[in-house]
Structures are given as structure tokens and as C-alpha cells.
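Input: a single structure, listed below in C-alpha cells.
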Amino acid sequence: MEQKTKKKRRRRRRHKTIDLDSLAEQYKEYVIEALGISYLELPQRLLDEISKEVVNAVVTSTSYKPSVDTVVKRINRYRRQLYKIVSAKILESIDKLTIDQLEFVIGTGEEVLIPYIQELYKLAKKYNRDDLVSMLQYIWEKYGRPTPIQCPKCGFRTIMADYGCMVCGYVVGENYIREQLNFGERFIEFIKTASVAQLRDIVDTGFILVSDIDMKSPRERIVPSVRIYYPIYLRSSELSLIMEEISSRKIPV
Ligand SMILES: [Zn+2]
């Protein structure tokens, strides 16, 4: 599959090689039949494009013309990879997916589905297919970027730092965030180990940044692409605890 771009370049430079596009046109029916996707009732334009991309992917040499049998055999051998190509093509017109097409892409698309996860979730709900929602959740866990907090509405681990769900748009409350991160207990532990400077910053700003594994003061650097930190505003009792800790550190032992 990686040879594709290289192959295209070579094809343009040399003239005595076979033309993959015309080969795709010639073998089109066999390619679609071997893929077993006729039942998806895709528009002809899409089938043409799929045939082109699949032929490009399975024909490894442009110096001789492969037989139909060879092409079909390779389609069978690389089916899983090729279905991702087919899924990507189908997903380009995601707003018009039929239930058959939706089932096909969710069943075969793997990582190709990630950029479309919101729309696919909406469609699966629209068709009332919780089994497809579960499959999407599995795909998100495997290929996506699951966050530490699960959305109580759609079930995906997609609650972002602004408390909003990336998939269904639901917004959770701070109490839910506190609960999910087990904030109460961890906060007591954090106070004991934090530096006085950290504690002061937290008191000054009134909030703390909490990830699934650690906590930071608002002035510390965080890299959102690496780890999500949820801001939690402290209650007055919690601020008092910090004040107490700061003054206890001042007492000479
Ligand atoms: Zn959600």
C-alpha cells in the first residue's frame, strides 16, 4: 500500500508501463465482485474510484499486466486492508449512508473511522442500533484517543477538559468530574506532597488542574495533546485545607 505514491510517480515518467487506471476500468466488475460490495448499492462513480484505488493497491509491478485471476487472488489476500480503502471512500459521503453502508464501514473501517466518530455515532443512534454504538466505542478505545472520563450519555471516553463530550456534545457537571477522578481523596494526598509555591498558586487562582494520574497548579505547564487536565474550582473548605498546610510548613521543627 505504501508503494502507491512511488508507483504513480514512476508511471508518469515511463511510458512503456501498463496504465493502472485503464486496467481498473477493464477489471472493474471482477474487482467489485471479489470485494463483495455490490449489495451496498454504491453509486457508479464511487465504484469506479474504489476499483481504481484497489487495483493501484494490489498491482505491485507496472511492467507487466496481471491477469484477472491474479488481481482477484490479491484482493482476497489483502481483503482487510482493502476494506479500509473502501470504507474511506464510502465515508466521504457520510451524510447519505444507508444502514447497509453504515454496517459495512463500522465492521471493516477500523482506524479509518476515527475522524468520523461523531457522525457515525449519530447515524447508529438514528438507526437505533446500540450494537453498532458498542462497536464504535471499541474502535475508539483501540484507535482513537480515549480521555480519562467517560460520557454518561453516549458511553464514549470522550469528556474533554472543558467538560464537554467530543462525540455527543453533552456537558457534564463539576461534581461528575470530581467523582470520576476520585478528586476528594487524591486532593488530600496532593496537598501533603505539593510545594508551597504550588499551593500558593492554587490559592491565588482558586482552581487546580487534575488529570487521571496527577494534579498541577494553574501556572504549571501542561501539554493537552499528551494528557488532559480538568480544571476543578476549589470549595472554601478545600482552600482552607491548603492554607492550613502552608502555615504548617512554616513552623520550624
Ligand atoms: Zn457523549
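Identifiers for the C-alpha cells are assigned positionally: chains receive A, B, ... in sequence, residues are indexed from 1 per chain, and ligands are indexed from 1 in the order shown.
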Using only C-alpha atoms and all ligand atoms, find each residue of chain A with at least one atom at most 12 Å away from an atom of ligand 1; report its shortest atom-to-atom pair and that distance in Å (one decimal), sort the rows by chain and rising residue number, and return the result as a tab-separated table.
```
residue	atom	partner	partner_atom_place_in_ligand_line	distance
A:Ile117	CA	ligand 1	1 (Zn)	11.2
A:Gln118	CA	ligand 1	1 (Zn)	9.3
A:Tyr121	CA	ligand 1	1 (Zn)	9.5
A:Lys122	CA	ligand 1	1 (Zn)	10.6
A:Val133	CA	ligand 1	1 (Zn)	11.5
A:Gln137	CA	ligand 1	1 (Zn)	10.8
A:Pro146	CA	ligand 1	1 (Zn)	12.0
A:Thr147	CA	ligand 1	1 (Zn)	11.6
A:Ile149	CA	ligand 1	1 (Zn)	10.3
A:Gln150	CA	ligand 1	1 (Zn)	7.8
A:Cys151	CA	ligand 1	1 (Zn)	4.5
A:Pro152	CA	ligand 1	1 (Zn)	6.6
A:Lys153	CA	ligand 1	1 (Zn)	5.0
A:Cys154	CA	ligand 1	1 (Zn)	4.0
A:Gly155	CA	ligand 1	1 (Zn)	6.1
A:Phe156	CA	ligand 1	1 (Zn)	6.0
A:Arg157	CA	ligand 1	1 (Zn)	7.9
A:Thr158	CA	ligand 1	1 (Zn)	6.6
A:Ile159	CA	ligand 1	1 (Zn)	7.2
A:Met160	CA	ligand 1	1 (Zn)	10.2
A:Tyr163	CA	ligand 1	1 (Zn)	10.4
A:Gly164	CA	ligand 1	1 (Zn)	7.9
A:Cys165	CA	ligand 1	1 (Zn)	4.6
A:Met166	CA	ligand 1	1 (Zn)	6.6
A:Val167	CA	ligand 1	1 (Zn)	5.1
A:Cys168	CA	ligand 1	1 (Zn)	4.0
A:Gly169	CA	ligand 1	1 (Zn)	5.8
A:Tyr170	CA	ligand 1	1 (Zn)	5.3
A:Val171	CA	ligand 1	1 (Zn)	8.1
A:Val172	CA	ligand 1	1 (Zn)	9.3
```
Exercise: range 190-193 of chain A partners within 12 Å, only C-alpha atoms, chain neighbours under 6 positions left out, as an NGL selection string = :A and (183-184 or 199-200 or 202-203 or 208-210 or 213-217 or 238-246 or 248-249)
Please, which residues in range 114-204 of chain A fall within 12 Å of range 96-106 of chain A when counting only C-alpha atoms, and what is the closest atom pair and distance in Å to one decimal for each, ordered by chain then residue number, as CSV?
```
residue,atom,partner,partner_atom,distance
A:Ile114,CA,A:Ile106,CA,10.4
A:Tyr116,CA,A:Ile106,CA,10.5
A:Ile117,CA,A:Ile106,CA,9.9
A:Glu119,CA,A:Leu97,CA,10.4
A:Leu120,CA,A:Leu102,CA,7.7
A:Tyr121,CA,A:Ile106,CA,10.2
A:Lys122,CA,A:Leu102,CA,11.1
A:Leu123,CA,A:Leu102,CA,7.8
A:Ala124,CA,A:Leu102,CA,7.8
A:Lys125,CA,A:Ile99,CA,11.3
A:Lys126,CA,A:Ile99,CA,9.9
A:Tyr127,CA,A:Ile99,CA,7.2
A:Asn128,CA,A:Ile99,CA,10.4
A:Arg129,CA,A:Ile99,CA,9.6
A:Asp130,CA,A:Glu103,CA,11.9
A:Asp131,CA,A:Glu103,CA,10.1
A:Leu132,CA,A:Ile106,CA,7.1
A:Val133,CA,A:Ile106,CA,9.2
A:Ser134,CA,A:Ile106,CA,10.3
A:Met135,CA,A:Ile106,CA,7.1
A:Leu136,CA,A:Ile106,CA,6.9
A:Gln137,CA,A:Ile106,CA,10.6
A:Tyr138,CA,A:Ile106,CA,10.5
A:Ile139,CA,A:Ile106,CA,8.6
A:Trp140,CA,A:Ile106,CA,11.2
```
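Going from CA of Arg45 in chain A to CA of Ser63 in chain A covers 27.6 Å.
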Check the smallest atom-to-atom distance from each of A:Ser87, A:Ser38, A:Thr60, A:Val68 to Ala24 in chain A using only C-alpha atoms, then report the winner.
->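 With only C-alpha atoms as the atom set, the closest residue is A:Val68.
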Can you list, as a PyMOL selection string, every protein, DNA or RNA residue that comes within 10 Å of Thr108 in chain A when you count only C-alpha atoms, leaving out same-chain residues fewer than 6 positions away?
-> chain A and resi 79-87
Go ahead and dump the residues you just picked, C-alpha atoms, as a PDB file, in the first residue's frame.
```pdb
ATOM      1  CA  ARG A  79      -9.143  -8.006   1.960  1.00  0.00           C
ATOM      2  CA  ARG A  80      -8.845  -6.459   5.411  1.00  0.00           C
ATOM      3  CA  GLN A  81      -6.577  -3.659   4.224  1.00  0.00           C
ATOM      4  CA  LEU A  82      -8.649  -3.093   1.091  1.00  0.00           C
ATOM      5  CA  TYR A  83     -11.866  -2.793   3.074  1.00  0.00           C
ATOM      6  CA  LYS A  84     -10.333   0.191   4.823  1.00  0.00           C
ATOM      7  CA  ILE A  85      -9.855   1.824   1.420  1.00  0.00           C
ATOM      8  CA  VAL A  86     -13.472   1.027   0.541  1.00  0.00           C
ATOM      9  CA  SER A  87     -14.663   2.378   3.913  1.00  0.00           C
TER      10      SER A  87
END
```
Nearest residue to Ile232 in chain A from the set A:Asp95, A:Asp162, A:Glu49, A:Glu25 (distances using only C-alpha atoms) =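 The closest residue to Ile232 in chain A is A:Asp162.
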Identify, on the basis of only C-alpha atoms, every residue whose closest approach to Val55 in chain A does not exceed 9 Å; exclude the query and any residue fewer than 3 positions from it along the same chain; express the result as a tab-separated table (two decimals) with C-alpha atoms, in the first residue's frame.
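Saved file around_2.tsv follows:
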```tsv
chain	number	residue	atom	x	y	z
A	20	LEU	CA	-3.43	1.09	-13.92
A	21	ASP	CA	-6.45	3.31	-14.44
A	23	LEU	CA	-6.72	-1.78	-16.04
A	24	ALA	CA	-9.07	-0.80	-13.21
A	27	TYR	CA	-11.37	-5.35	-14.45
A	28	LYS	CA	-13.95	-3.24	-12.63
A	31	VAL	CA	-12.88	-6.22	-8.62
A	50	ILE	CA	-12.86	2.12	-5.49
A	51	SER	CA	-11.83	-0.12	-8.39
A	52	LYS	CA	-9.01	2.31	-9.26
A	58	VAL	CA	-2.81	-4.76	-5.33
A	59	VAL	CA	-0.85	-4.41	-8.56
A	71	VAL	CA	-5.91	-9.45	-9.15
A	75	ILE	CA	-7.94	-8.90	-3.32
```
Top pick for closest residue to Tyr230 in chain A, considering A:Glu92, A:Glu174, A:Glu189, A:Asp204 and counting only C-alpha atoms =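 Of all the options, A:Glu174 lies closest to Tyr230 in chain A.
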Sel. of strand (DSSP E or B) residues, range 39-223 of chain A, as number ranges by chain | A: 159, 164-165, 171, 207-210, 215-216
Include N, CA and C atoms and write out the residues we just selected as a PDB file, in the first residue's frame.
```pdb
ATOM      1  N   ILE A 159     -14.888  12.810  27.319  1.00  0.00           N
ATOM      2  CA  ILE A 159     -15.115  14.075  28.028  1.00  0.00           C
ATOM      3  C   ILE A 159     -13.801  14.867  28.013  1.00  0.00           C
ATOM      4  N   GLY A 164     -17.002  19.042  28.157  1.00  0.00           N
ATOM      5  CA  GLY A 164     -17.924  18.681  27.073  1.00  0.00           C
ATOM      6  C   GLY A 164     -17.538  17.351  26.437  1.00  0.00           C
ATOM      7  N   CYS A 165     -18.536  16.625  25.907  1.00  0.00           N
ATOM      8  CA  CYS A 165     -18.262  15.355  25.226  1.00  0.00           C
ATOM      9  C   CYS A 165     -17.982  15.622  23.747  1.00  0.00           C
ATOM     10  N   VAL A 171     -22.632  18.036  28.148  1.00  0.00           N
ATOM     11  CA  VAL A 171     -21.702  18.693  29.068  1.00  0.00           C
ATOM     12  C   VAL A 171     -21.971  18.180  30.480  1.00  0.00           C
ATOM     13  N   PHE A 207      -8.264  27.494  41.579  1.00  0.00           N
ATOM     14  CA  PHE A 207      -8.519  26.188  40.978  1.00  0.00           C
ATOM     15  C   PHE A 207      -7.253  25.380  40.797  1.00  0.00           C
ATOM     16  N   ILE A 208      -7.467  24.109  40.459  1.00  0.00           N
ATOM     17  CA  ILE A 208      -6.375  23.164  40.328  1.00  0.00           C
ATOM     18  C   ILE A 208      -6.614  22.373  39.048  1.00  0.00           C
ATOM     19  N   LEU A 209      -5.534  21.906  38.430  1.00  0.00           N
ATOM     20  CA  LEU A 209      -5.684  21.107  37.204  1.00  0.00           C
ATOM     21  C   LEU A 209      -5.476  19.635  37.549  1.00  0.00           C
ATOM     22  N   VAL A 210      -6.448  18.810  37.151  1.00  0.00           N
ATOM     23  CA  VAL A 210      -6.415  17.416  37.585  1.00  0.00           C
ATOM     24  C   VAL A 210      -6.464  16.470  36.383  1.00  0.00           C
ATOM     25  N   MET A 215      -1.862  16.032  39.638  1.00  0.00           N
ATOM     26  CA  MET A 215      -2.502  17.350  39.717  1.00  0.00           C
ATOM     27  C   MET A 215      -1.433  18.410  39.561  1.00  0.00           C
ATOM     28  N   LYS A 216      -1.835  19.548  39.000  1.00  0.00           N
ATOM     29  CA  LYS A 216      -0.889  20.635  38.820  1.00  0.00           C
ATOM     30  C   LYS A 216      -1.533  21.948  39.233  1.00  0.00           C
TER      31      LYS A 216
END
```
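You will find CA of Glu110 in chain A at 16.9 Å from CA of Leu35 in chain A.
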Please indicate the distance in Å from CA of Arg219 in chain A to CA of Arg145 in chain A, rounded to one decimal place.
->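 Going from CA of Arg219 in chain A over to CA of Arg145 in chain A covers 25.5 Å.
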From range 63-109 of chain A, collect each residue whose DSSP state is helix (DSSP H, G or I) and return the set as a ChimeraX atom specification.
-> /A:68-77,79-91,94-96,99-108
May I ask which of the residues A:Leu42, A:Glu220, A:Asp212, A:Thr205 is the closest one to Leu234 in chain A, counting only C-alpha atoms?
->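 Looking only at the distances to Leu234 in chain A, the closest residue turns out to be A:Thr205.
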